[in-house]
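Chemist: So here's protein19.txt (compact mmCIF, C-alpha atoms).
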# COMPACT_ATOMS: atom_id res chain seq x y z
CA MET A 271 82.21 132.08 26.37
CA ASN A 272 83.45 128.67 27.45
CA THR A 273 84.97 130.18 30.58
CA LYS A 274 81.63 131.85 31.45
CA LEU A 275 79.69 128.58 31.07
CA ALA A 276 82.23 126.72 33.15
CA ARG A 277 81.90 129.35 35.92
CA GLN A 278 78.05 129.09 35.87
CA SER A 279 78.21 125.32 36.00
CA ARG A 280 80.61 125.49 38.96
CA ARG A 281 78.22 127.87 40.74
CA ARG A 282 75.27 125.42 40.34
CA CYS A 283 77.17 122.61 42.06
CA GLY A 284 76.54 124.08 45.55
CA TYR A 285 73.79 125.86 47.52
CA SER A 286 73.66 129.35 48.81
CA LEU A 287 73.58 129.94 52.58
CA MET A 288 69.99 131.17 52.27
CA GLU A 289 68.90 127.97 50.48
CA LEU A 290 70.56 125.83 53.14
CA MET A 291 68.97 127.79 56.01
CA VAL A 292 65.50 127.59 54.45
CA SER A 293 65.90 123.85 53.79
CA ILE A 294 67.13 123.18 57.33
CA GLY A 295 64.27 125.31 58.71
CA VAL A 296 61.64 123.41 56.70
CA LEU A 297 63.26 120.11 57.68
CA MET A 298 63.20 121.03 61.38
CA ILE A 299 59.55 122.07 61.23
CA ALA A 300 58.63 118.85 59.43
CA MET A 301 60.60 116.74 61.92
CA ASP A 302 59.03 118.60 64.85
CA ILE A 303 55.53 117.97 63.48
CA SER A 304 56.23 114.27 62.92
CA VAL A 305 57.76 113.83 66.40
CA GLN A 306 54.77 115.53 68.03
CA LEU A 307 52.39 113.46 65.93
CA GLY A 308 54.26 110.30 66.89
CA ARG A 309 54.05 111.22 70.58
CA SER A 310 50.30 111.89 70.21
CA VAL A 311 49.78 108.47 68.61
CA ILE A 312 51.65 106.75 71.45
CA ARG A 313 49.78 108.81 74.09
CA ALA A 314 46.39 108.11 72.44
CA GLY A 315 47.17 104.38 72.34
CA ALA A 316 48.20 104.36 76.01
CA ASN A 317 45.08 106.36 76.99
CA ASN A 318 42.90 103.91 75.07
CA ARG A 319 44.42 100.96 76.87
CA THR A 320 43.99 102.66 80.26
CA MET A 321 40.38 103.59 79.49
CA ASN A 322 39.59 100.05 78.30
CA ASP A 323 41.15 98.52 81.42
CA GLN A 324 39.25 100.91 83.69
CA SER A 325 35.97 100.34 81.81
CA SER A 326 36.40 96.57 82.16
CA ARG A 327 37.07 96.91 85.91
CA ILE A 328 34.04 99.21 86.38
CA ASP A 329 31.80 96.86 84.38
CA ALA A 330 32.95 93.84 86.41
CA ALA A 331 32.49 95.63 89.75
CA VAL A 332 29.07 97.06 88.83
CA ALA A 333 27.84 93.67 87.50
CA THR A 334 28.82 92.02 90.81
CA LEU A 335 27.29 94.84 92.88
CA ARG A 336 24.12 94.70 90.79
CA GLY A 337 23.84 90.95 91.43
CA ASP A 338 24.31 91.47 95.19
CA VAL A 339 21.73 94.27 95.36
CA TRP A 340 19.26 92.36 93.13
CA GLY A 341 18.87 89.61 95.73
CA ALA A 342 19.28 91.79 98.82
CA SER A 343 16.42 91.80 101.32
CA ARG A 344 18.03 94.68 103.19
CA ILE A 345 20.26 97.58 102.07
CA ASP A 346 22.07 99.45 104.84
CA VAL A 347 24.09 102.47 103.74
CA VAL A 348 26.44 102.82 106.73
CA ASP A 349 28.03 105.96 105.29
CA SER A 350 28.46 107.36 101.82
CA ARG A 351 31.39 104.96 101.19
CA THR A 352 30.11 101.77 102.83
CA VAL A 353 27.03 99.69 102.19
CA ARG A 354 25.91 96.42 103.78
CA LEU A 355 23.68 94.03 101.84
CA SER A 356 21.73 91.28 103.59
CA ARG A 357 19.87 88.27 102.25
CA GLY A 358 17.29 86.44 104.31
CA GLY A 359 18.28 88.27 107.48
CA ALA A 360 22.00 87.46 107.23
CA LEU A 361 24.77 89.73 106.01
CA ALA A 362 25.68 88.73 102.45
CA ALA A 363 28.27 91.32 101.43
CA THR A 364 29.80 94.62 102.45
CA TRP A 365 30.92 97.07 99.77
CA THR A 366 33.46 99.73 100.64
CA ILE A 367 35.21 102.51 98.77
CA ALA A 368 38.73 102.47 100.23
CA ALA A 369 40.96 105.50 100.77
CA ASP A 370 43.03 104.53 97.71
CA ASP A 371 39.83 104.70 95.57
CA SER A 372 39.63 100.94 95.17
CA VAL A 373 36.21 99.30 95.44
CA GLN A 374 36.16 96.33 97.82
CA ARG A 375 33.61 93.60 98.32
CA THR A 376 33.78 91.48 101.45
CA ASP A 377 31.43 88.50 101.51
CA ALA A 378 29.97 86.74 104.54
CA SER A 379 32.95 84.37 104.79
CA GLY A 380 35.38 87.33 104.89
CA GLN A 381 36.70 86.81 101.37
CA VAL A 382 37.71 90.13 99.80
CA ARG A 383 37.52 91.09 96.13
CA GLN A 384 39.02 94.35 95.02
CA TRP A 385 38.78 96.54 91.92
CA PRO A 386 41.59 99.12 92.12
CA GLY A 387 41.36 102.74 91.08
CA ILE A 388 37.73 102.94 89.99
CA GLY A 389 35.98 104.39 93.04
CA LYS A 390 37.22 107.97 92.86
CA ASN A 391 34.43 110.25 94.20
CA TRP A 392 32.00 107.30 94.34
CA THR A 393 29.27 107.62 96.97
CA PHE A 394 26.48 105.22 97.95
CA ALA A 395 22.93 106.33 98.74
CA ARG A 396 19.69 104.48 99.36
CA ASP A 397 16.77 105.31 97.08
CA GLY A 398 13.70 103.24 98.01
CA ALA A 399 14.28 99.69 96.78
CA ALA A 400 17.48 100.70 95.03
CA LEU A 401 21.08 101.58 95.78
CA THR A 402 22.33 104.66 93.95
CA ILE A 403 25.99 105.10 93.11
CA SER A 404 27.13 108.59 92.18
CA ASP A 405 30.61 109.41 90.91
CA GLY A 406 30.41 113.10 91.77
CA VAL A 407 29.91 114.03 88.11
CA SER A 408 26.75 112.11 87.21
CA GLN A 409 23.84 113.32 89.30
CA GLY A 410 20.13 112.45 89.59
CA ALA A 411 18.88 110.36 86.70
CA THR A 412 22.40 109.78 85.33
CA ALA A 413 23.75 108.26 88.55
CA MET A 414 24.00 104.46 88.54
CA ARG A 415 21.02 102.73 90.10
CA CYS A 416 20.94 99.10 91.26
CA VAL A 417 17.48 97.75 92.06
CA SER A 418 16.63 95.02 94.55
CA GLN A 419 14.10 92.59 93.11
CA VAL A 420 13.22 91.35 96.61
CA LEU A 421 12.62 94.83 98.07
CA LEU A 422 10.76 96.01 94.99
CA ALA A 423 8.29 93.13 95.22
CA GLY A 424 7.95 93.06 98.98
CA GLY A 425 8.22 96.77 99.80
CA ALA A 426 11.36 98.65 100.83
CA ARG A 427 12.67 98.07 104.31
CA MET B 891 70.11 119.02 38.81
CA ASN B 892 67.36 116.56 37.83
CA GLU B 893 68.94 113.90 39.99
CA GLN B 894 69.05 116.28 42.97
CA SER B 895 65.40 117.24 42.41
CA ARG B 896 64.39 113.59 42.28
CA ARG B 897 66.29 112.97 45.53
CA HIS B 898 64.40 115.85 47.21
CA HIS B 899 61.08 114.49 45.96
CA GLY B 900 61.94 111.13 47.46
CA PHE B 901 62.59 112.66 50.86
CA ALA B 902 59.35 114.68 50.73
CA LEU B 903 57.45 111.57 49.64
CA MET B 904 58.86 109.51 52.52
CA LEU B 905 58.06 112.26 55.02
CA SER B 906 54.48 112.60 53.71
CA ILE B 907 53.95 108.83 53.84
CA VAL B 908 55.18 108.74 57.45
CA LEU B 909 52.95 111.68 58.44
CA ILE B 910 49.91 110.23 56.62
CA GLY B 911 50.60 106.89 58.32
CA LEU B 912 50.75 108.51 61.76
CA VAL B 913 47.49 110.40 61.10
CA ALA B 914 45.85 107.20 59.85
CA ILE B 915 46.94 105.30 62.98
CA THR B 916 45.58 108.11 65.21
CA LEU B 917 42.25 108.19 63.35
CA ALA B 918 41.95 104.39 63.47
CA SER B 919 42.71 104.41 67.20
CA LEU B 920 40.14 107.15 67.87
CA GLY B 921 37.57 105.37 65.69
CA MET B 922 38.15 102.12 67.53
CA ALA B 923 37.75 103.86 70.92
CA ALA B 924 34.50 105.51 69.77
CA HIS B 925 33.20 102.16 68.45
CA VAL B 926 34.00 100.34 71.70
CA ASP B 927 32.33 103.14 73.67
CA ALA B 928 29.21 103.01 71.48
CA MET B 929 29.00 99.20 71.83
CA ARG B 930 29.37 99.49 75.62
CA THR B 931 26.62 102.13 75.82
CA ARG B 932 24.33 99.99 73.68
CA ALA B 933 25.02 96.89 75.78
CA ALA B 934 24.28 98.88 78.98
CA ALA B 935 20.96 100.11 77.52
CA GLU B 936 19.96 96.58 76.47
CA ASP B 937 20.92 95.18 79.90
CA ALA B 938 18.75 97.84 81.58
CA GLN B 939 15.84 96.82 79.33
CA LEU B 940 16.44 93.14 80.16
CA ARG B 941 16.37 93.88 83.89
CA GLN B 942 13.05 95.68 83.40
CA LEU B 943 11.74 92.58 81.61
CA LEU B 944 12.90 90.38 84.51
CA LEU B 945 11.05 92.64 86.98
CA ALA B 946 7.92 92.36 84.83
CA GLY B 947 8.43 88.60 84.69
CA ALA B 948 8.64 88.34 88.50
CA GLN B 949 5.47 90.44 88.85
CA THR B 950 3.64 88.18 86.37
CA ALA B 951 4.94 85.02 88.06
CA GLN B 952 3.67 86.31 91.42
CA SER B 953 0.18 86.91 90.04
CA ARG B 954 0.14 83.63 88.06
CA LEU B 955 1.12 81.62 91.14
CA ALA B 956 -2.16 82.64 92.73
CA GLY B 957 -3.96 81.31 89.65
CA GLY B 958 -2.00 78.06 89.52
CA THR B 959 -0.50 78.01 86.01
CA VAL B 960 2.88 79.72 85.86
CA ALA B 961 4.78 78.24 82.90
CA GLY B 962 4.83 80.05 79.58
CA SER B 963 5.83 83.33 78.07
CA ILE B 964 4.25 86.66 78.90
CA ALA B 965 2.66 89.12 76.48
CA LEU B 966 4.79 92.17 75.75
CA PRO B 967 3.98 95.48 74.03
CA ASP B 968 4.39 95.43 70.23
CA SER B 969 7.32 97.86 70.33
CA LEU B 970 9.29 95.42 72.50
CA ALA B 971 8.16 92.28 70.69
CA SER B 972 9.26 93.75 67.37
CA ASP B 973 12.75 94.28 68.86
CA GLY B 974 12.91 90.55 69.61
CA ALA B 975 12.06 90.81 73.32
CA SER B 976 10.59 87.85 75.17
CA VAL B 977 10.08 86.74 78.77
CA THR B 978 9.63 83.07 79.65
CA LEU B 979 8.64 81.63 83.02
CA THR B 980 9.73 78.10 83.91
CA PRO B 981 8.79 76.59 87.29
CA GLN B 982 11.75 74.80 88.90
CA ILE B 983 9.86 73.46 91.89
CA ALA B 984 6.20 72.62 91.30
CA ALA B 985 3.83 74.90 93.14
CA ALA B 986 0.54 73.97 91.58
CA ALA B 987 -0.58 71.78 94.44
CA ALA B 988 -2.61 73.66 97.00
CA ASP B 989 -0.57 72.26 99.91
CA THR B 990 2.76 73.52 98.48
CA ASN B 991 3.95 76.66 100.19
CA GLU B 992 7.09 77.30 98.16
CA ALA B 993 7.88 77.79 94.49
CA THR B 994 11.00 78.57 92.51
CA ILE B 995 10.56 80.12 89.08
CA GLN B 996 13.26 80.59 86.46
CA ILE B 997 12.63 83.79 84.50
CA ASP B 998 14.46 84.19 81.19
CA ALA B 999 14.41 87.51 79.35
CA ALA B 1000 15.78 87.99 75.86
CA LEU B 1001 16.25 91.06 73.72
CA GLY B 1002 17.66 90.32 70.31
CA ARG B 1003 20.76 88.23 70.92
CA ARG B 1004 21.22 89.32 74.56
CA GLN B 1005 19.79 87.26 77.39
CA LEU B 1006 19.47 87.63 81.15
CA SER B 1007 17.81 85.36 83.65
CA GLN B 1008 16.95 85.17 87.30
CA ARG B 1009 15.73 82.50 89.66
CA VAL B 1010 13.07 83.70 92.08
CA HIS B 1011 12.00 81.82 95.17
CA PHE B 1012 8.43 82.51 96.34
CA ILE B 1013 6.77 81.56 99.61
CA ARG B 1014 3.07 81.51 100.31
CA ASN B 1015 1.88 84.08 102.79
CA GLY B 1016 -1.77 83.37 103.45
CA THR B 1017 -3.45 83.56 100.07
CA ALA B 1018 -0.71 85.66 98.48
CA TRP B 1019 2.75 84.72 97.27
CA GLN B 1020 5.76 86.83 98.12
CA ILE B 1021 9.35 86.83 96.91
CA GLU B 1022 11.74 85.31 99.43
CA SER B 1023 14.93 85.53 97.39
CA ALA B 1024 16.10 86.31 93.89
CA ASP B 1025 19.34 85.41 92.13
CA LEU B 1026 20.40 87.26 89.04
CA ALA B 1027 22.50 85.17 86.67
CA VAL B 1028 25.67 87.20 86.05
With the file now loaded, output its structure as structure tokens.

Modeler:
Amino acid sequence: MNTKLARQSRRRCGYSLMELMVSIGVLMIAMDISVQLGRSVIRAGANNRTMNDQSSRIDAAVATLRGDVWGASRIDVVDSRTVRLSRGGALAATWTIAADDSVQRTDASGQVRQWPGIGKNWTFARDGAALTISDGVSQGATAMRCVSQVLLAGGAR
Amino acid sequence: MNEQSRRHHGFALMLSIVLIGLVAITLASLGMAAHVDAMRTRAAAEDAQLRQLLLAGAQTAQSRLAGGTVAGSIALPDSLASDGASVTLTPQIAAAAADTNEATIQIDAALGRRQLSQRVHFIRNGTAWQIESADLAV
């Protein structure tokens, strides 16, 4: 009897091959899930930062463009990627979408301000007393519209 | 055997805490992104409303200049007033005198806690006043 108990006890000290394989399998699946989850967290964080940076750049560029258009007495859309804004008969600023998708503003003194990477598919169009900016996705009423206070009050030129 | 079982529970517990932590960080990050996006959308809508109020203010200033008294706030619809909207006109260069041919009016629009203002320069054209230039305060 004692010999039998001793043999059973010895047998419980280890694991069978099947138990080990199942444990390793479960462990690998769990590790795989946690690694993928970790990667997703890092990727989501990086995407958030990129989106926030881009949003800030777009907001800054649009606020400046809106200010230029607001006081413009003349809006000349040279082509779909260039617009010239004049105040009181003189050129005030030229806005250009460059080939590298950066948005550039050149003022009358030749000083250039640039917002990189935000102008992908942007196009300018004149709409009465307003300048419309479309990004190729937003169309019609959802495209961005910058109104000129001067042209609106005095009639579009 | 009990010791081994406890050791296994400890590993499972650690793994679950790590996974729950990662999920919590992801959810918090997504929630934060959605919140920032919602705030940005709301700010854009309020700015659009403020610009509309500035346009209305310039129109009112133009018609008041013909009458002579420009300073003061303008009456707004109840729906806007209840949202805390207001438009105030403040002459910067006096234009009341009949021989003055220029006027600069500061127009301040407010909607709740957000504010936007512009300075509009008018010139007299016969009996009417027309806008010569406008500067939006950015």

Chemist: Should the cut-off be 8 Å, what would the residue list for chain B against chain A look like, counting all atoms listed in the file, as a ChimeraX atom specification?

Modeler: /B:905,908-909,912-913,915-916,919-920,923,945,949,1020-1028

Chemist: Of the candidates B:Ala993, B:Met904, B:Val1010, B:Leu1001, which one gets nearest to Ala956 (chain B) if we count all atoms listed in the file?

Modeler: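 Of the candidates, the smallest distance to Ala956 (chain B) is held by B:Ala993.
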
Chemist: Using all atoms listed in the file, find the one residue out of A:Leu335, A:Ile403, A:Ile345, A:Leu287 that sits nearest to Gln384 (chain A).

Modeler: A:Leu335

Chemist: To one decimal place, how far is CA of Thr352 (chain A) from CA of Leu401 (chain A) in Å?

Modeler: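 Rounded to one decimal, the two atoms are 11.5 Å apart.
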
Chemist: For a cut-off of 6 Å around (40.8, 105.2, 91.2), file coordinates, pick out all residues using all atoms listed in the file and list them as a VMD selection string.

Modeler: chain A and resid 371 to 372 387 to 390

Chemist: So that I have them on file, write out the residues from the current selection with C-alpha atoms, as a PDB file, in the frame of the given file.

Modeler:
ATOM      1  CA  ASP A 371      39.830 104.700  95.570  1.00  0.00           C
ATOM      2  CA  SER A 372      39.630 100.940  95.170  1.00  0.00           C
ATOM      3  CA  GLY A 387      41.360 102.740  91.080  1.00  0.00           C
ATOM      4  CA  ILE A 388      37.730 102.940  89.990  1.00  0.00           C
ATOM      5  CA  GLY A 389      35.980 104.390  93.040  1.00  0.00           C
ATOM      6  CA  LYS A 390      37.220 107.970  92.860  1.00  0.00           C
TER       7      LYS A 390
END

Chemist: Measure the distance from CA of Trp392 (chain A) to CA of Ala946 (chain B) in Å and round it to one decimal.

Modeler: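 Atom-to-atom, CA of Trp392 (chain A) and CA of Ala946 (chain B) are spaced 29.9 Å apart.
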
Chemist: Kindly compute an axis-aligned box around the listed atoms of region 1005-1009 of chain B, allowing 8 Å on each side, and express its centre and edge lengths in Å to one decimal as AutoDock Vina command-line options.

Modeler:
--center_x 17.8 --center_y 85.1 --center_z 83.5 --size_x 20.1 --size_y 21.1 --size_z 28.3

Chemist: With distances taken over all atoms listed in the file, which residue among B:Ala928, B:Gly1002, B:Ser906, B:Glu936 lies nearest Ser972 (chain B)?

Modeler: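 Closest to Ser972 (chain B), using all atoms listed in the file: B:Gly1002.
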
Chemist: Find the distance between CA of Ala965 (chain B) and CA of Leu944 (chain B) and write it in Å to one decimal.

Modeler: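 It comes out at 13.1 Å.
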
Chemist: Which one is closest to Val332 (chain A): A:Ala400, A:Ala360, A:Val373, A:Ile294? Count all atoms listed in the file.

Modeler: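 The shortest atom-to-atom distance to Val332 (chain A) comes from A:Val373.
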
Chemist: For Ala975 (chain B), please output as a list in words all residues within 12 Å (counting all atoms listed in the file; exclusion window: fewer than 4 positions along the same chain).

Modeler: Glu936, Asp937, Gln939, Leu940, Arg941, Gln942, Leu943, Leu944, Ser963, Ile964, Ala965, Leu966, Pro967, Asp968, Ser969, Leu970, Ala971, Asp998, Ala999, Ala1000, Leu1001, Gly1002, Arg1003, Arg1004, Gln1005 and Leu1006 of chain B

Chemist: With only C-alpha atoms as the counted atoms, please give the residues lying no more than 12 Å from region 347-349 of chain A, apart from itself and same-chain residues fewer than 5 positions off, as a ChimeraX atom specification.

Modeler: /A:339,354-356,364-367,392-398,400-403

Chemist: Measuring atom to atom with all atoms listed in the file, identify which of A:Gln374, A:Ile328, A:Ala363, A:Arg383 is nearest to Met414 (chain A).

Modeler: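 Closest to Met414 (chain A), using all atoms listed in the file: A:Ile328.
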